[in-house]
Amino acid sequence: MKGTAARVGEVLVLDRIPVTPAADAEYTSIGIRSFGRGLFHYDPQLGANLPKLRFFALEPNRLVVSNIKGWEGAIALSSEADRGCLASSRFLPYAARGSRIDLRWAYWFFLSEHGNRLIQMASPGSADRNRTLAIDRFEALEIGLPPIDEQRRTAARLDRLQERAASITDILAVNSPESILAMLPNLIDAILHRYSPVMTRVEALGDFIADRVSRGDDPSPARVFVGPNHIESHTGRRLGFDPLGDDTGPKLRFRPGDVVYLRLRPYLNKVWVADCNGLCSSDQIVLRPKPGLDSNLIAHGLRGLAVLSRATELTSSLQLPRIRQQQFAGIQVPTDGADTGGLVQILNDTRDRVVELANKRKQQMAGAKALVPSILNEAFGGRAKQSLPPMPDRP
């Protein structure tokens with residue numbers, strides 16, 4: 001991007017209007033979200049309840065940079081809606097000095113990879129909470145300034161792109177990956193009722209295993225811990241595990257083929273078939289299918305809408321929803337657990353197709369999220385000049 005070089009302090013001027021809050025008057029303070037997500041307003045407070053900081057009145061059309069989170073993209077433009085709000089000394093509001101810089105262009109520039117790199121250089125520190133943006137270092141940064149008309153065209157283009165990306169994201173969020181996966185319980189029941197229209201109590205499908213392991217006990221043959229956070233809702237897919245440690249609290253031992261059901265917050269619908277020897281928390285129920293019954297078919301049935309609805313109903317009045325084993329034992333499952341016609345394969349294929357749809361939606365949402373940053377890097381892809389010594393990259 002061609003243009004002339006200028007120091008930030010030559011084209012931007014810090015604009016602070018001191019305010020001494022009156023104890024009996026109400027004030028609205030501002031904050032800035034990271035990653036360019038804009039200003040927000042705190043609830044009005046009496047001056048007597050405000051923190052002991054210096055405050056300044058904010059004007060519209062100011063480039064506002066957080067001096068503690070600027071390195072993380074806590075940068076925004078103030079608008080008429082922010083007029084008169086209080087900005088503490090943690091925020092640096094800049095006005096344009098002369099006519100060499102467009103504030104919207106400056107906003108987009110400092111959110112770009114190159115601009116953010118400069119902000120980080122002006123925010124030294126060894127830890128996130130200590131990375132304060134120094135005013136003098138910020139104003140000493142040297143940036144390349146295109147002609148003002150080019151700045152305005154670039155800013156207008158990026159504004160339009162941001163609006164378009166936000167619209168796309170809103171459309172995609174209507175059917176989010178989570179809502180797509182949440183269709184599975186209804187699909188499971190529809191398939192089960194079509195191919196195996198039998199309702200069976202949970203207790204008739206298997207035996208409850210209470211093989212408890214306390215701290216200090218030999219966990220063998222268990223080698224891993226699989227908790228609720230390792231199981232995906234509605235699909236029963238295991239997404240990971242933890243190595244066994246010295247944590248306190250009793251655990252339950254499971255073996256391959258056991259069906260493990262999360263009884264804490266059953267609305268999360270986390271049911272899986274163990275594929276290894278391991279331990280789980282006592283907030284899970286281990287069901288060992290009776291001989292001749294299919295673990296996967298039982299697990300699909302337990303993830304179906306009938307079981308999910310009943311378990312949610314039984315625990316809805318509890319502050320910490322946890323279904324009792326006796327309650328769980330009496331729930332009716334739309335299967336007898338015997339796979340006589342490839343029913344498990346049908347259910348697996350259905351689950352896999354739904355997972356594929358959810359993954360595609362994740363990719364679409366990631367693409368929409370990356371749209372603005374990619375165009376930012378394209379727009380400001382030239383080598384950004386700076387007059388500070390280089391600093392190591394930070395994660």
# chains A, B, ... in the order shown; residues from 1 in each chain; ligands from 1
call {"tool": "residues_around", "arguments": {"residues": "A:Asp170", "least_positions_apart": "6", "cutoff": "12 Å", "atoms": "only C-alpha atoms", "output": "PDB file with N, CA and C atoms, in the first residue's frame"}}
result
ATOM      1  N   GLU A 163     -20.380  -5.923   7.459  1.00  0.00           N
ATOM      2  CA  GLU A 163     -21.837  -6.073   7.503  1.00  0.00           C
ATOM      3  C   GLU A 163     -22.270  -7.360   6.810  1.00  0.00           C
ATOM      4  N   ARG A 164     -21.648  -7.656   5.666  1.00  0.00           N
ATOM      5  CA  ARG A 164     -21.999  -8.865   4.930  1.00  0.00           C
ATOM      6  C   ARG A 164     -21.629 -10.114   5.722  1.00  0.00           C
ATOM      7  N   SER A 176     -27.156 -23.872  13.739  1.00  0.00           N
ATOM      8  CA  SER A 176     -25.790 -24.018  14.208  1.00  0.00           C
ATOM      9  C   SER A 176     -25.414 -25.491  14.247  1.00  0.00           C
ATOM     10  N   GLN A 364     -18.396 -23.660   7.457  1.00  0.00           N
ATOM     11  CA  GLN A 364     -19.002 -22.453   6.898  1.00  0.00           C
ATOM     12  C   GLN A 364     -18.886 -21.289   7.879  1.00  0.00           C
ATOM     13  N   MET A 365     -19.148 -21.563   9.159  1.00  0.00           N
ATOM     14  CA  MET A 365     -19.082 -20.513  10.170  1.00  0.00           C
ATOM     15  C   MET A 365     -17.644 -20.043  10.367  1.00  0.00           C
ATOM     16  N   ALA A 368     -16.863 -17.782   7.469  1.00  0.00           N
ATOM     17  CA  ALA A 368     -17.457 -16.451   7.634  1.00  0.00           C
ATOM     18  C   ALA A 368     -16.680 -15.633   8.661  1.00  0.00           C
ATOM     19  N   LYS A 369     -16.232 -16.306   9.737  1.00  0.00           N
ATOM     20  CA  LYS A 369     -15.477 -15.610  10.781  1.00  0.00           C
ATOM     21  C   LYS A 369     -14.125 -15.137  10.265  1.00  0.00           C
TER      22      LYS A 369
END
call {"tool": "select_by_dssp", "arguments": {"residues": "stretch 119-358 of chain A", "states": "alpha helix (DSSP H)", "output": "ChimeraX atom specification"}}
result
/A:119-121,135-140,148-174,177-181,184-195,295-302,305-315,325-329,343-358
call {"tool": "closest_residue", "arguments": {"among": "A:Phe55, A:Tyr195, A:Phe241, A:Tyr107", "to": "A:Ile75", "atoms": "only C-alpha atoms"}}
result
A:Tyr107
call {"tool": "residues_around", "arguments": {"residues": "A:Thr350", "least_positions_apart": "3", "cutoff": "10 Å", "atoms": "only C-alpha atoms", "output": "ChimeraX atom specification"}}
result
/A:184,187-188,191,344-347,353-356
call {"tool": "residues_around", "arguments": {"residues": "stretch 296-311 of chain A", "least_positions_apart": "3", "cutoff": "6 Å", "atoms": "only C-alpha atoms", "output": "ChimeraX atom specification"}}
result
/A:185-186,188-189,314,333,337,344
call {"tool": "write_last_selection", "arguments": {"atoms": "C-alpha atoms", "output": "PDB file, in the first residue's frame"}}
result
ATOM      1  CA  PRO A 185     -32.727 -37.834  19.220  1.00  0.00           C
ATOM      2  CA  ASN A 186     -35.864 -37.349  17.124  1.00  0.00           C
ATOM      3  CA  ILE A 188     -33.258 -42.063  16.365  1.00  0.00           C
ATOM      4  CA  ASP A 189     -36.765 -42.574  17.728  1.00  0.00           C
ATOM      5  CA  LEU A 314     -37.736 -36.353  36.014  1.00  0.00           C
ATOM      6  CA  VAL A 333     -36.468 -47.374  25.770  1.00  0.00           C
ATOM      7  CA  GLY A 337     -31.594 -54.343  22.376  1.00  0.00           C
ATOM      8  CA  VAL A 344     -27.373 -50.452  14.244  1.00  0.00           C
TER       9      VAL A 344
END
call {"tool": "residues_around", "arguments": {"residues": "A:Thr20", "least_positions_apart": "4", "cutoff": "12 Å", "atoms": "only C-alpha atoms", "output": "list of chain:residue names"}}
result
A:Asp24, A:Ala25, A:Tyr27, A:Gly47, A:Ala48, A:Leu50, A:Lys52, A:Leu53, A:Arg54, A:Phe55, A:Phe56, A:Ala57, A:Leu86, A:Ala87, A:Ser88
call {"tool": "residues_around", "arguments": {"residues": "A:Ser66", "least_positions_apart": "4", "cutoff": "6 Å", "atoms": "only C-alpha atoms", "output": "PyMOL selection string"}}
result
chain A and resi 70+74+90-91
call {"tool": "closest_residue", "arguments": {"among": "A:Lys290, A:His114, A:Arg322, A:Arg97", "to": "A:Leu205", "atoms": "only C-alpha atoms"}}
result
A:Lys290
call {"tool": "atom_distance", "arguments": {"atom1": "atom CA of A:Gln45", "atom2": "atom CA of A:Ile135"}}
result
28.6 Å
call {"tool": "closest_residue", "arguments": {"among": "A:Arg117, A:Arg37, A:Arg324, A:Arg212", "to": "A:Arg253", "atoms": "only C-alpha atoms"}}
result
A:Arg212
call {"tool": "atom_distance", "arguments": {"atom1": "atom CA of A:Gln332", "atom2": "atom CA of A:Thr200"}}
result
5.2 Å
call {"tool": "closest_residue", "arguments": {"among": "A:Cys276, A:Ala182, A:Ala366, A:Leu262", "to": "A:Ala165", "atoms": "only C-alpha atoms"}}
result
A:Ala366
call {"tool": "closest_residue", "arguments": {"among": "A:Asn67, A:Asn49, A:Thr335, A:Ser317", "to": "A:Ala122", "atoms": "only C-alpha atoms"}}
result
A:Asn67
